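Chemist: My structure is in coords24.pdb, and what it holds is PDB, C-alpha atoms:
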ATOM      1  CA  ILE A  33      58.130 -20.475-128.905
ATOM      2  CA  PRO A  34      59.710 -23.419-127.048
ATOM      3  CA  ALA A  35      60.378 -26.411-129.291
ATOM      4  CA  PRO A  36      58.455 -28.898-127.076
ATOM      5  CA  LEU A  37      55.344 -26.690-127.166
ATOM      6  CA  MET A  38      55.565 -26.336-130.932
ATOM      7  CA  ALA A  39      56.129 -30.082-131.341
ATOM      8  CA  GLY A  40      53.138 -30.842-129.125
ATOM      9  CA  ALA A  41      50.926 -28.584-131.222
ATOM     10  CA  ILE A  42      52.168 -30.208-134.431
ATOM     11  CA  VAL A  43      51.585 -33.709-133.064
ATOM     12  CA  SER A  44      48.084 -32.772-131.895
ATOM     13  CA  GLY A  45      47.125 -31.332-135.267
ATOM     14  CA  ALA A  46      48.730 -34.143-137.234
ATOM     15  CA  TYR A  47      46.992 -36.839-135.230
ATOM     16  CA  PHE A  48      43.636 -35.118-135.525
ATOM     17  CA  GLY A  49      44.049 -35.197-139.294
ATOM     18  CA  ASP A  50      45.308 -38.767-139.161
ATOM     19  CA  LYS A  51      42.304 -39.943-137.152
ATOM     20  CA  MET A  52      39.674 -38.168-139.213
ATOM     21  CA  SER A  53      41.065 -38.922-142.677
ATOM     22  CA  PRO A  54      39.501 -41.864-144.551
ATOM     23  CA  LEU A  55      42.902 -42.333-146.219
ATOM     24  CA  SER A  56      44.753 -42.952-142.959
ATOM     25  CA  ASP A  57      46.070 -46.445-142.310
ATOM     26  CA  THR A  58      44.811 -46.608-138.728
ATOM     27  CA  THR A  59      41.438 -45.169-139.753
ATOM     28  CA  ASN A  60      41.048 -48.119-142.103
ATOM     29  CA  VAL A  61      42.515 -50.805-139.848
ATOM     30  CA  ALA A  62      40.436 -50.000-136.740
ATOM     31  CA  PRO A  63      37.009 -50.443-138.394
ATOM     32  CA  ALA A  64      38.235 -53.481-140.327
ATOM     33  CA  VAL A  65      39.260 -55.190-137.086
ATOM     34  CA  SER A  66      36.077 -54.119-135.291
ATOM     35  CA  GLY A  67      33.625 -55.019-138.036
ATOM     36  CA  THR A  68      32.290 -51.615-139.067
ATOM     37  CA  THR A  69      32.771 -49.232-141.995
ATOM     38  CA  VAL A  70      35.324 -46.448-142.304
ATOM     39  CA  TYR A  71      32.711 -43.707-142.341
ATOM     40  CA  GLU A  72      30.738 -45.151-139.417
ATOM     41  CA  HIS A  73      34.061 -45.210-137.599
ATOM     42  CA  ILE A  74      34.850 -41.573-138.434
ATOM     43  CA  HIS A  75      31.362 -40.514-137.352
ATOM     44  CA  SER A  76      31.863 -42.227-134.007
ATOM     45  CA  MET A  77      35.301 -40.670-133.486
ATOM     46  CA  MET A  78      33.883 -37.182-133.901
ATOM     47  CA  PHE A  79      32.212 -37.442-130.490
ATOM     48  CA  THR A  80      35.525 -37.769-128.658
ATOM     49  CA  THR A  81      38.000 -36.151-131.035
ATOM     50  CA  VAL A  82      36.262 -32.925-132.077
ATOM     51  CA  PRO A  83      35.578 -31.706-128.497
ATOM     52  CA  SER A  84      39.154 -32.634-127.604
ATOM     53  CA  LEU A  85      40.435 -30.593-130.532
ATOM     54  CA  ALA A  86      38.375 -27.585-129.434
ATOM     55  CA  ILE A  87      39.780 -27.810-125.908
ATOM     56  CA  SER A  88      43.301 -28.218-127.292
ATOM     57  CA  VAL A  89      43.010 -25.177-129.568
ATOM     58  CA  VAL A  90      41.889 -22.972-126.684
ATOM     59  CA  ALA A  91      44.660 -24.328-124.463
ATOM     60  CA  PHE A  92      47.296 -23.786-127.157
ATOM     61  CA  TYR A  93      46.119 -20.201-127.584
ATOM     62  CA  PHE A  94      46.829 -19.408-123.951
ATOM     63  CA  LEU A  95      50.023 -21.458-123.905
ATOM     64  CA  GLY A  96      51.190 -19.478-126.912
ATOM     65  CA  LEU A  97      50.444 -16.199-125.178
ATOM     66  CA  GLY A  98      52.459 -17.315-122.193
ATOM     67  CA  ALA A  99      55.371 -18.475-124.329
ATOM     68  CA  GLY A 100      56.290 -14.918-125.275
ATOM     69  CA  GLY A 101      58.122 -13.912-128.422
ATOM     70  CA  ARG A 102      56.687 -12.277-131.503
ATOM     71  CA  VAL A 103      56.315 -13.032-135.187
ATOM     72  CA  ASP A 104      58.653 -11.185-137.524
ATOM     73  CA  PRO A 105      56.596 -10.062-140.569
ATOM     74  CA  ALA A 106      59.778  -9.578-142.589
ATOM     75  CA  SER A 107      60.734 -13.238-142.232
ATOM     76  CA  ILE A 108      57.293 -14.299-143.449
ATOM     77  CA  GLN A 109      57.530 -12.010-146.467
ATOM     78  CA  SER A 110      60.995 -13.374-147.219
ATOM     79  CA  LEU A 111      59.639 -16.913-147.101
ATOM     80  CA  LYS A 112      56.756 -16.049-149.435
ATOM     81  CA  ALA A 113      59.066 -14.264-151.852
ATOM     82  CA  SER A 114      61.396 -17.265-152.032
ATOM     83  CA  LEU A 115      58.456 -19.585-152.702
ATOM     84  CA  GLU A 116      57.111 -17.375-155.469
ATOM     85  CA  ALA A 117      60.545 -16.999-157.034
ATOM     86  CA  SER A 118      61.264 -20.736-157.027
ATOM     87  CA  PHE A 119      57.896 -22.223-157.969
ATOM     88  CA  ASN A 120      54.966 -21.453-160.236
ATOM     89  CA  LEU A 121      52.158 -21.097-157.721
ATOM     90  CA  GLY A 122      48.538 -20.923-158.779
ATOM     91  CA  PRO A 123      45.182 -22.703-158.721
ATOM     92  CA  LEU A 124      46.581 -25.763-160.506
ATOM     93  CA  THR A 125      48.978 -26.454-157.651
ATOM     94  CA  LEU A 126      45.934 -27.053-155.439
ATOM     95  CA  LEU A 127      44.583 -29.724-157.779
ATOM     96  CA  PRO A 128      46.166 -32.750-155.998
ATOM     97  CA  ALA A 129      44.763 -31.693-152.622
ATOM     98  CA  LEU A 130      41.349 -30.931-154.117
ATOM     99  CA  THR A 131      41.353 -34.314-155.862
ATOM    100  CA  ILE A 132      41.985 -36.142-152.599
ATOM    101  CA  LEU A 133      39.309 -34.075-150.854
ATOM    102  CA  ALA A 134      36.749 -34.740-153.587
ATOM    103  CA  LEU A 135      37.437 -38.477-153.555
ATOM    104  CA  SER A 136      37.105 -38.528-149.767
ATOM    105  CA  VAL A 137      33.741 -36.769-149.971
ATOM    106  CA  ARG A 138      32.639 -39.372-152.525
ATOM    107  CA  LYS A 139      33.767 -42.077-150.075
ATOM    108  CA  THR A 140      36.227 -43.547-152.553
ATOM    109  CA  PRO A 141      38.376 -46.317-150.999
ATOM    110  CA  ALA A 142      41.798 -45.307-149.707
ATOM    111  CA  LEU A 143      44.073 -47.034-152.232
ATOM    112  CA  PRO A 144      42.399 -45.658-155.391
ATOM    113  CA  SER A 145      42.302 -42.209-153.769
ATOM    114  CA  LEU A 146      46.000 -42.310-152.930
ATOM    115  CA  ALA A 147      46.874 -43.584-156.402
ATOM    116  CA  ALA A 148      44.858 -40.777-157.978
ATOM    117  CA  GLY A 149      46.553 -38.251-155.694
ATOM    118  CA  VAL A 150      50.018 -39.446-156.706
ATOM    119  CA  LEU A 151      49.131 -39.386-160.404
ATOM    120  CA  ILE A 152      47.571 -35.912-160.275
ATOM    121  CA  SER A 153      50.524 -34.625-158.238
ATOM    122  CA  ALA A 154      52.990 -35.908-160.833
ATOM    123  CA  LEU A 155      50.992 -34.396-163.690
ATOM    124  CA  SER A 156      50.680 -31.109-161.805
ATOM    125  CA  ALA A 157      54.435 -30.963-161.156
ATOM    126  CA  PHE A 158      55.099 -31.694-164.816
ATOM    127  CA  ALA A 159      52.589 -29.112-166.070
ATOM    128  CA  THR A 160      53.142 -26.262-163.608
ATOM    129  CA  GLN A 161      56.780 -26.644-162.570
ATOM    130  CA  GLY A 162      58.188 -28.181-165.729
ATOM    131  CA  ALA A 163      59.597 -31.094-163.735
ATOM    132  CA  PRO A 164      60.954 -33.839-166.026
ATOM    133  CA  ILE A 165      59.884 -37.421-165.465
ATOM    134  CA  GLN A 166      63.384 -38.348-164.271
ATOM    135  CA  ALA A 167      63.220 -35.675-161.556
ATOM    136  CA  LEU A 168      59.808 -36.915-160.444
ATOM    137  CA  ALA A 169      61.146 -40.462-160.176
ATOM    138  CA  ARG A 170      64.176 -39.284-158.169
ATOM    139  CA  ALA A 171      61.976 -37.276-155.815
ATOM    140  CA  ALA A 172      59.677 -40.251-155.279
ATOM    141  CA  THR A 173      62.667 -42.461-154.492
ATOM    142  CA  ASN A 174      65.148 -40.218-152.685
ATOM    143  CA  GLY A 175      63.074 -37.171-151.794
ATOM    144  CA  PHE A 176      63.158 -33.551-152.885
ATOM    145  CA  THR A 177      66.090 -31.213-152.276
ATOM    146  CA  GLY A 178      65.180 -27.557-151.856
ATOM    147  CA  GLN A 179      67.417 -25.118-153.711
ATOM    148  CA  THR A 180      65.641 -21.822-153.174
ATOM    149  CA  GLY A 181      68.534 -20.151-151.383
ATOM    150  CA  HIS A 182      66.346 -19.548-148.325
ATOM    151  CA  GLN A 183      67.765 -21.657-145.488
ATOM    152  CA  VAL A 184      64.533 -22.168-143.561
ATOM    153  CA  LEU A 185      62.520 -22.932-146.692
ATOM    154  CA  ASP A 186      65.124 -25.361-148.011
ATOM    155  CA  THR A 187      65.091 -27.165-144.665
ATOM    156  CA  LEU A 188      61.311 -27.518-144.898
ATOM    157  CA  LEU A 189      61.353 -28.726-148.494
ATOM    158  CA  THR A 190      64.328 -31.084-148.362
ATOM    159  CA  ARG A 191      62.816 -34.377-147.329
ATOM    160  CA  GLY A 192      60.612 -37.238-148.467
ATOM    161  CA  GLY A 193      61.103 -40.187-150.756
ATOM    162  CA  MET A 194      60.670 -43.884-150.190
ATOM    163  CA  MET A 195      64.278 -44.373-149.102
ATOM    164  CA  SER A 196      63.845 -41.986-146.174
ATOM    165  CA  MET A 197      61.194 -44.304-144.760
ATOM    166  CA  LEU A 198      63.425 -47.386-144.637
ATOM    167  CA  PRO A 199      64.535 -46.915-140.991
ATOM    168  CA  THR A 200      60.902 -46.519-139.952
ATOM    169  CA  VAL A 201      59.891 -49.551-142.011
ATOM    170  CA  LEU A 202      62.582 -51.630-140.300
ATOM    171  CA  LEU A 203      61.305 -50.520-136.899
ATOM    172  CA  ILE A 204      57.762 -51.436-137.901
ATOM    173  CA  LEU A 205      58.915 -54.871-139.069
ATOM    174  CA  ALA A 206      60.704 -55.467-135.782
ATOM    175  CA  ALA A 207      57.695 -54.294-133.780
ATOM    176  CA  THR A 208      55.393 -56.463-135.875
ATOM    177  CA  ALA A 209      57.598 -59.483-135.220
ATOM    178  CA  LEU A 210      57.384 -58.785-131.498
ATOM    179  CA  GLY A 211      53.637 -58.422-131.843
ATOM    180  CA  GLY A 212      53.489 -61.832-133.481
ATOM    181  CA  VAL A 213      55.243 -63.300-130.466
ATOM    182  CA  LEU A 214      52.786 -61.586-128.113
ATOM    183  CA  LYS A 215      49.852 -62.902-130.126
ATOM    184  CA  GLU A 216      51.076 -66.483-130.485
ATOM    185  CA  THR A 217      52.007 -66.751-126.815
ATOM    186  CA  GLY A 218      48.552 -65.487-125.902
ATOM    187  CA  THR A 219      49.935 -62.717-123.692
ATOM    188  CA  VAL A 220      47.402 -60.109-124.788
ATOM    189  CA  ARG A 221      44.555 -62.621-124.832
ATOM    190  CA  ARG A 222      45.193 -63.686-121.241
ATOM    191  CA  LEU A 223      45.405 -60.081-120.113
ATOM    192  CA  VAL A 224      42.103 -59.277-121.799
ATOM    193  CA  ASP A 225      40.423 -62.332-120.309
ATOM    194  CA  GLU A 226      41.439 -61.161-116.840
ATOM    195  CA  LEU A 227      40.020 -57.708-117.522
ATOM    196  CA  LEU A 228      36.762 -59.093-118.902
ATOM    197  CA  LEU A 229      36.150 -61.009-115.683
ATOM    198  CA  LYS A 230      35.903 -57.663-113.893
ATOM    199  CA  VAL A 231      33.739 -55.896-116.472
ATOM    200  CA  LYS A 232      30.184 -55.355-115.244
ATOM    201  CA  SER A 233      28.823 -52.817-117.743
ATOM    202  CA  ARG A 234      29.118 -51.555-121.293
ATOM    203  CA  GLY A 235      31.043 -48.537-120.057
ATOM    204  CA  GLY A 236      33.340 -50.853-118.151
ATOM    205  CA  LEU A 237      34.091 -52.670-121.384
ATOM    206  CA  VAL A 238      35.302 -49.421-122.939
ATOM    207  CA  LEU A 239      37.346 -48.692-119.823
ATOM    208  CA  ALA A 240      38.982 -52.119-120.109
ATOM    209  CA  THR A 241      39.846 -51.600-123.780
ATOM    210  CA  ILE A 242      41.803 -48.388-123.190
ATOM    211  CA  PRO A 243      44.525 -49.806-120.898
ATOM    212  CA  SER A 244      44.777 -52.882-123.122
ATOM    213  CA  CYS A 245      45.748 -50.628-126.022
ATOM    214  CA  TYR A 246      48.307 -48.801-123.895
ATOM    215  CA  LEU A 247      49.824 -52.022-122.589
ATOM    216  CA  THR A 248      50.136 -53.353-126.132
ATOM    217  CA  LEU A 249      51.823 -50.100-127.133
ATOM    218  CA  VAL A 250      54.277 -50.351-124.266
ATOM    219  CA  ALA A 251      55.068 -53.973-125.096
ATOM    220  CA  SER A 252      55.318 -53.673-128.884
ATOM    221  CA  GLY A 253      55.904 -49.997-129.662
ATOM    222  CA  ASN A 254      53.599 -50.372-132.668
ATOM    223  CA  GLN A 255      50.299 -48.505-132.958
ATOM    224  CA  MET A 256      48.955 -50.971-135.512
ATOM    225  CA  LEU A 257      49.364 -53.826-133.058
ATOM    226  CA  ALA A 258      47.805 -51.666-130.337
ATOM    227  CA  ILE A 259      44.721 -51.559-132.556
ATOM    228  CA  ILE A 260      44.698 -55.068-134.005
ATOM    229  CA  LEU A 261      45.423 -57.206-130.930
ATOM    230  CA  PRO A 262      42.984 -55.530-128.488
ATOM    231  CA  GLY A 263      40.452 -55.195-131.310
ATOM    232  CA  GLN A 264      40.493 -58.917-131.977
ATOM    233  CA  ALA A 265      40.377 -59.685-128.271
ATOM    234  CA  PHE A 266      37.441 -57.384-127.420
ATOM    235  CA  LYS A 267      35.339 -57.732-130.571
ATOM    236  CA  ASP A 268      33.156 -60.578-129.302
ATOM    237  CA  ALA A 269      32.713 -58.959-125.892
ATOM    238  CA  PHE A 270      31.425 -55.739-127.473
ATOM    239  CA  ALA A 271      28.992 -57.723-129.608
ATOM    240  CA  ALA A 272      27.794 -59.699-126.585
ATOM    241  CA  ARG A 273      26.920 -56.466-124.784
ATOM    242  CA  ASP A 274      25.153 -55.049-127.851
ATOM    243  CA  LEU A 275      27.731 -52.303-128.367
ATOM    244  CA  HIS A 276      28.087 -51.122-131.946
ATOM    245  CA  PRO A 277      31.464 -52.045-133.488
ATOM    246  CA  LYS A 278      32.114 -48.352-134.140
ATOM    247  CA  VAL A 279      32.389 -47.829-130.378
ATOM    248  CA  LEU A 280      35.179 -50.403-130.282
ATOM    249  CA  SER A 281      36.926 -48.939-133.329
ATOM    250  CA  ARG A 282      36.701 -45.447-131.822
ATOM    251  CA  THR A 283      38.152 -46.624-128.521
ATOM    252  CA  LEU A 284      41.001 -48.422-130.276
ATOM    253  CA  GLU A 285      41.979 -45.183-131.974
ATOM    254  CA  ASP A 286      41.431 -42.991-128.914
ATOM    255  CA  ALA A 287      44.016 -45.044-127.043
ATOM    256  CA  GLY A 288      45.997 -47.104-129.546
ATOM    257  CA  THR A 289      46.562 -44.437-132.187
ATOM    258  CA  LEU A 290      46.777 -41.347-130.011
ATOM    259  CA  GLY A 291      48.890 -43.052-127.380
ATOM    260  CA  ALA A 292      51.635 -44.050-129.821
ATOM    261  CA  PRO A 293      53.562 -40.739-129.943
ATOM    262  CA  LEU A 294      53.580 -40.613-126.137
ATOM    263  CA  ILE A 295      55.551 -43.873-125.806
ATOM    264  CA  PRO A 296      59.249 -42.958-126.276
ATOM    265  CA  TRP A 297      60.243 -46.244-127.953
ATOM    266  CA  SER A 298      57.249 -46.490-130.277
ATOM    267  CA  THR A 299      57.798 -46.218-134.014
ATOM    268  CA  ALA A 300      55.555 -43.133-134.067
ATOM    269  CA  ALA A 301      57.551 -41.316-131.375
ATOM    270  CA  LEU A 302      60.859 -42.205-133.023
ATOM    271  CA  PHE A 303      59.603 -40.920-136.368
ATOM    272  CA  ILE A 304      58.427 -37.648-134.802
ATOM    273  CA  HIS A 305      61.757 -37.286-133.004
ATOM    274  CA  GLY A 306      63.554 -37.746-136.304
ATOM    275  CA  MET A 307      61.386 -35.185-138.092
ATOM    276  CA  LEU A 308      61.075 -32.494-135.416
ATOM    277  CA  LYS A 309      64.283 -33.161-133.454
ATOM    278  CA  VAL A 310      62.256 -33.082-130.236
ATOM    279  CA  PRO A 311      62.009 -36.272-128.133
ATOM    280  CA  SER A 312      58.655 -37.489-126.876
ATOM    281  CA  THR A 313      59.885 -37.051-123.306
ATOM    282  CA  SER A 314      59.888 -33.305-123.998
ATOM    283  CA  TYR A 315      56.729 -32.814-126.067
ATOM    284  CA  TRP A 316      54.371 -35.379-124.497
ATOM    285  CA  LYS A 317      52.752 -32.964-122.037
ATOM    286  CA  TYR A 318      52.024 -30.533-124.869
ATOM    287  CA  ALA A 319      50.462 -33.153-127.161
ATOM    288  CA  LEU A 320      47.132 -32.127-125.699
ATOM    289  CA  LEU A 321      44.842 -33.867-128.157
ATOM    290  CA  ASN A 322      46.614 -37.165-127.561
ATOM    291  CA  TRP A 323      45.728 -37.375-123.902
ATOM    292  CA  ILE A 324      42.560 -35.261-123.748
ATOM    293  CA  THR A 325      40.800 -37.558-126.241
ATOM    294  CA  PRO A 326      41.221 -40.759-124.184
ATOM    295  CA  LEU A 327      40.092 -38.804-121.124
ATOM    296  CA  MET A 328      36.997 -37.847-123.103
ATOM    297  CA  ALA A 329      36.482 -41.535-123.912
ATOM    298  CA  VAL A 330      36.753 -42.374-120.212
ATOM    299  CA  ALA A 331      34.190 -39.679-119.364
ATOM    300  CA  PHE A 332      31.715 -41.064-121.905
ATOM    301  CA  ALA A 333      32.284 -44.594-120.614
ATOM    302  CA  LEU A 334      31.545 -43.505-117.043
ATOM    303  CA  THR A 335      28.429 -41.553-118.019
ATOM    304  CA  GLY A 336      27.204 -43.988-120.665
ATOM    305  CA  LYS A 337      27.028 -41.286-123.319
ATOM    306  CA  PHE A 338      27.576 -42.073-127.002
ATOM    307  CA  LEU A 339      27.946 -45.795-126.357
ATOM    308  CA  PHE A 340      25.975 -46.684-129.465
ATOM    309  CA  ARG A 341      24.122 -49.974-129.579
ATOM    310  CA  SER A 342      24.202 -52.402-132.468
ATOM    311  CA  LYS A 343      20.425 -52.656-132.510
ATOM    312  CA  PRO A 344      18.489 -49.414-133.062
ATOM    313  CA  THR A 345      16.830 -47.983-129.982
ATOM    314  CA  ARG A 346      15.017 -44.771-129.240
ATOM    315  CA  ARG A 347      18.046 -43.480-127.396
ATOM    316  CA  ASN A 348      20.983 -44.968-129.222
ATOM    317  CA  SER A 349      23.474 -43.061-127.136
ATOM    318  CA  GLN A 350      22.510 -44.856-123.953
TER     319      GLN A 350
END
Reformat the file's structure so that it appears as structure tokens.
Modeler:
Amino acid sequence: IPAPLMAGAIVSGAYFGDKMSPLSDTTNVAPAVSGTTVYEHIHSMMFTTVPSLAISVVAFYFLGLGAGGRVDPASIQSLKASLEASFNLGPLTLLPALTILALSVRKTPALPSLAAGVLISALSAFATQGAPIQALARAATNGFTGQTGHQVLDTLLTRGGMMSMLPTVLLILAATALGGVLKETGTVRRLVDELLLKVKSRGGLVLATIPSCYLTLVASGNQMLAIILPGQAFKDAFAARDLHPKVLSRTLEDAGTLGAPLIPWSTAALFIHGMLKVPSTSYWKYALLNWITPLMAVAFALTGKFLFRSKPTRRNSQ
């Protein structure tokens, strides 16, 4: 399978999970900026993101058929054997993931959920793998080094740690500084004001928000700023037109979050390039979810569907 196609599929799946997870940073920032709750926000995103995922899955199926090649069962068995020989696998190893899932279902806030996940993961590693506390601390700081003897598996496992995120953190700091300049100079605000002068409908307001997110991404390279700055600028306009804040938060994510890996100089694209060794200029056309979802948002804006009002009506989708 060509690397760009595989990278596009990975990016699509990862960003679907990122958007729909109540633990995600953007999934918490977008509703906070817009003035709604995390779970109202997730509910609203389902209308654009879930259909886009379905379309993407079908498209990837046919793209995969056309890519040729075949799976080698022996290589899969070798991978499984190396995992079983190197680690104690069993129901307890699923406990951290199940803990996070249970806390999400209970609508527990993100930080306590993440803290619980880290604690349960450490206890699970200690109990099931016999990992000493010193090894857990080293892995948390410098990452884990796979020593299974299986080259592919070791490549997959050797990563992580807080230190590995320092280059990305530095990029985020630089992008945030640039975003501060854009905010203080009023660049984004003036752009939004010009767009609002041309907005004649509620759907038009959504259509104006989408390019604002993309322009902020292009200027700053930071998906957080592509959510925060347009969100602050459009919040009052959405309220004035009786649009529920979850429509704004959804639109911010449809464009601001999903557009980030498509901008070559964004922190998201650089991180993906570092992880997958595939540049965004190669995988962008295969990141189907990331450009089908905003197209879905545009379609709903043009038809007036799922543009929820702040005040209850008989047909809240109108």
Chemist: Could you expand the PyMOL selection byres ((chain A and resi 119) around 10) into the explicit residues it covers here, written as a ChimeraX atom specification?
Modeler: /A:114-118,120-122,125,157,160-162,180
Chemist: Rank A:Val201, A:Leu334, A:Leu130, A:Ala287 by their smallest atom-to-atom distance to A:Leu237, using all atoms listed in the file, and report the top residue only.
Modeler: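 Of the candidates, the smallest distance to A:Leu237 is held by A:Leu334.
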Chemist: If you count all atoms listed in the file, which residues fall within 7 Å of stretch 288-298 of chain A, apart from same-chain ones fewer than 3 positions away, as an NGL selection string?
Modeler: :A and (47 or 245-246 or 249-250 or 253-255 or 258-259 or 284-285 or 301-302 or 312-313 or 316 or 322)
Chemist: Which residues, written as a compact mmCIF listing (two decimals) with C-alpha atoms, keeping the file's coordinate frame, have at least one atom at most 10 Å from A:Gly236, with only C-alpha atoms counted and residues fewer than 4 positions away on the same chain left out?
Modeler:
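Listed below is the output, around01.txt:
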# COMPACT_ATOMS: atom_id res chain seq x y z
CA LEU A 227 40.02 -57.71 -117.52
CA LEU A 228 36.76 -59.09 -118.90
CA LYS A 230 35.90 -57.66 -113.89
CA VAL A 231 33.74 -55.90 -116.47
CA LYS A 232 30.18 -55.36 -115.24
CA ALA A 240 38.98 -52.12 -120.11
CA THR A 241 39.85 -51.60 -123.78
CA VAL A 330 36.75 -42.37 -120.21
CA ALA A 333 32.28 -44.59 -120.61
CA LEU A 334 31.54 -43.50 -117.04
CA GLY A 336 27.20 -43.99 -120.66
Chemist: At a cut-off of 9 Å around the point (38.2, -33.3, -133.9) (file coordinates), what residues fall inside when counting all atoms listed in the file? I'd like the answer as a VMD selection string.
Modeler: chain A and resid 48 to 49 51 to 52 77 to 86 321
Chemist: Starting from the incomplete input, reconstruct N, CA and C atoms of stretch 133-153 of chain A and write that as a PDB file, in the frame of the given file.
Modeler:
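Resulting contents of part.pdb:
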ATOM      1  N   LEU A 133      40.482 -34.508-151.620  1.00  0.00           N
ATOM      2  CA  LEU A 133      39.309 -34.075-150.854  1.00  0.00           C
ATOM      3  C   LEU A 133      38.019 -34.523-151.532  1.00  0.00           C
ATOM      4  N   ALA A 134      37.953 -34.351-152.847  1.00  0.00           N
ATOM      5  CA  ALA A 134      36.749 -34.740-153.587  1.00  0.00           C
ATOM      6  C   ALA A 134      36.513 -36.249-153.505  1.00  0.00           C
ATOM      7  N   LEU A 135      37.577 -37.024-153.632  1.00  0.00           N
ATOM      8  CA  LEU A 135      37.437 -38.477-153.555  1.00  0.00           C
ATOM      9  C   LEU A 135      37.018 -38.920-152.153  1.00  0.00           C
ATOM     10  N   SER A 136      37.502 -38.204-151.140  1.00  0.00           N
ATOM     11  CA  SER A 136      37.105 -38.528-149.767  1.00  0.00           C
ATOM     12  C   SER A 136      35.625 -38.245-149.555  1.00  0.00           C
ATOM     13  N   VAL A 137      35.161 -37.116-150.090  1.00  0.00           N
ATOM     14  CA  VAL A 137      33.741 -36.769-149.971  1.00  0.00           C
ATOM     15  C   VAL A 137      32.875 -37.813-150.671  1.00  0.00           C
ATOM     16  N   ARG A 138      33.374 -38.340-151.781  1.00  0.00           N
ATOM     17  CA  ARG A 138      32.639 -39.372-152.525  1.00  0.00           C
ATOM     18  C   ARG A 138      32.796 -40.760-151.906  1.00  0.00           C
ATOM     19  N   LYS A 139      33.538 -40.826-150.803  1.00  0.00           N
ATOM     20  CA  LYS A 139      33.767 -42.077-150.075  1.00  0.00           C
ATOM     21  C   LYS A 139      34.466 -43.124-150.937  1.00  0.00           C
ATOM     22  N   THR A 140      35.412 -42.643-151.740  1.00  0.00           N
ATOM     23  CA  THR A 140      36.227 -43.547-152.553  1.00  0.00           C
ATOM     24  C   THR A 140      37.207 -44.282-151.639  1.00  0.00           C
ATOM     25  N   PRO A 141      37.425 -45.576-151.837  1.00  0.00           N
ATOM     26  CA  PRO A 141      38.376 -46.317-150.999  1.00  0.00           C
ATOM     27  C   PRO A 141      39.764 -45.683-150.993  1.00  0.00           C
ATOM     28  N   ALA A 142      40.523 -45.984-149.944  1.00  0.00           N
ATOM     29  CA  ALA A 142      41.798 -45.307-149.707  1.00  0.00           C
ATOM     30  C   ALA A 142      42.815 -45.519-150.827  1.00  0.00           C
ATOM     31  N   LEU A 143      43.018 -46.765-151.253  1.00  0.00           N
ATOM     32  CA  LEU A 143      44.073 -47.034-152.232  1.00  0.00           C
ATOM     33  C   LEU A 143      43.834 -46.340-153.574  1.00  0.00           C
ATOM     34  N   PRO A 144      42.631 -46.414-154.155  1.00  0.00           N
ATOM     35  CA  PRO A 144      42.399 -45.658-155.391  1.00  0.00           C
ATOM     36  C   PRO A 144      42.562 -44.150-155.196  1.00  0.00           C
ATOM     37  N   SER A 145      42.156 -43.643-154.036  1.00  0.00           N
ATOM     38  CA  SER A 145      42.302 -42.209-153.769  1.00  0.00           C
ATOM     39  C   SER A 145      43.767 -41.810-153.716  1.00  0.00           C
ATOM     40  N   LEU A 146      44.573 -42.615-153.025  1.00  0.00           N
ATOM     41  CA  LEU A 146      46.000 -42.310-152.930  1.00  0.00           C
ATOM     42  C   LEU A 146      46.670 -42.410-154.298  1.00  0.00           C
ATOM     43  N   ALA A 147      46.297 -43.426-155.061  1.00  0.00           N
ATOM     44  CA  ALA A 147      46.874 -43.584-156.402  1.00  0.00           C
ATOM     45  C   ALA A 147      46.522 -42.389-157.282  1.00  0.00           C
ATOM     46  N   ALA A 148      45.276 -41.944-157.196  1.00  0.00           N
ATOM     47  CA  ALA A 148      44.858 -40.777-157.978  1.00  0.00           C
ATOM     48  C   ALA A 148      45.608 -39.533-157.529  1.00  0.00           C
ATOM     49  N   GLY A 149      45.816 -39.401-156.212  1.00  0.00           N
ATOM     50  CA  GLY A 149      46.553 -38.251-155.694  1.00  0.00           C
ATOM     51  C   GLY A 149      47.984 -38.211-156.195  1.00  0.00           C
ATOM     52  N   VAL A 150      48.637 -39.369-156.212  1.00  0.00           N
ATOM     53  CA  VAL A 150      50.018 -39.446-156.706  1.00  0.00           C
ATOM     54  C   VAL A 150      50.073 -39.094-158.190  1.00  0.00           C
ATOM     55  N   LEU A 151      49.145 -39.641-158.965  1.00  0.00           N
ATOM     56  CA  LEU A 151      49.131 -39.386-160.404  1.00  0.00           C
ATOM     57  C   LEU A 151      48.876 -37.908-160.708  1.00  0.00           C
ATOM     58  N   ILE A 152      47.882 -37.326-160.047  1.00  0.00           N
ATOM     59  CA  ILE A 152      47.571 -35.912-160.275  1.00  0.00           C
ATOM     60  C   ILE A 152      48.726 -35.024-159.819  1.00  0.00           C
ATOM     61  N   SER A 153      49.377 -35.400-158.726  1.00  0.00           N
ATOM     62  CA  SER A 153      50.524 -34.625-158.238  1.00  0.00           C
ATOM     63  C   SER A 153      51.656 -34.635-159.258  1.00  0.00           C
TER      64      SER A 153
END
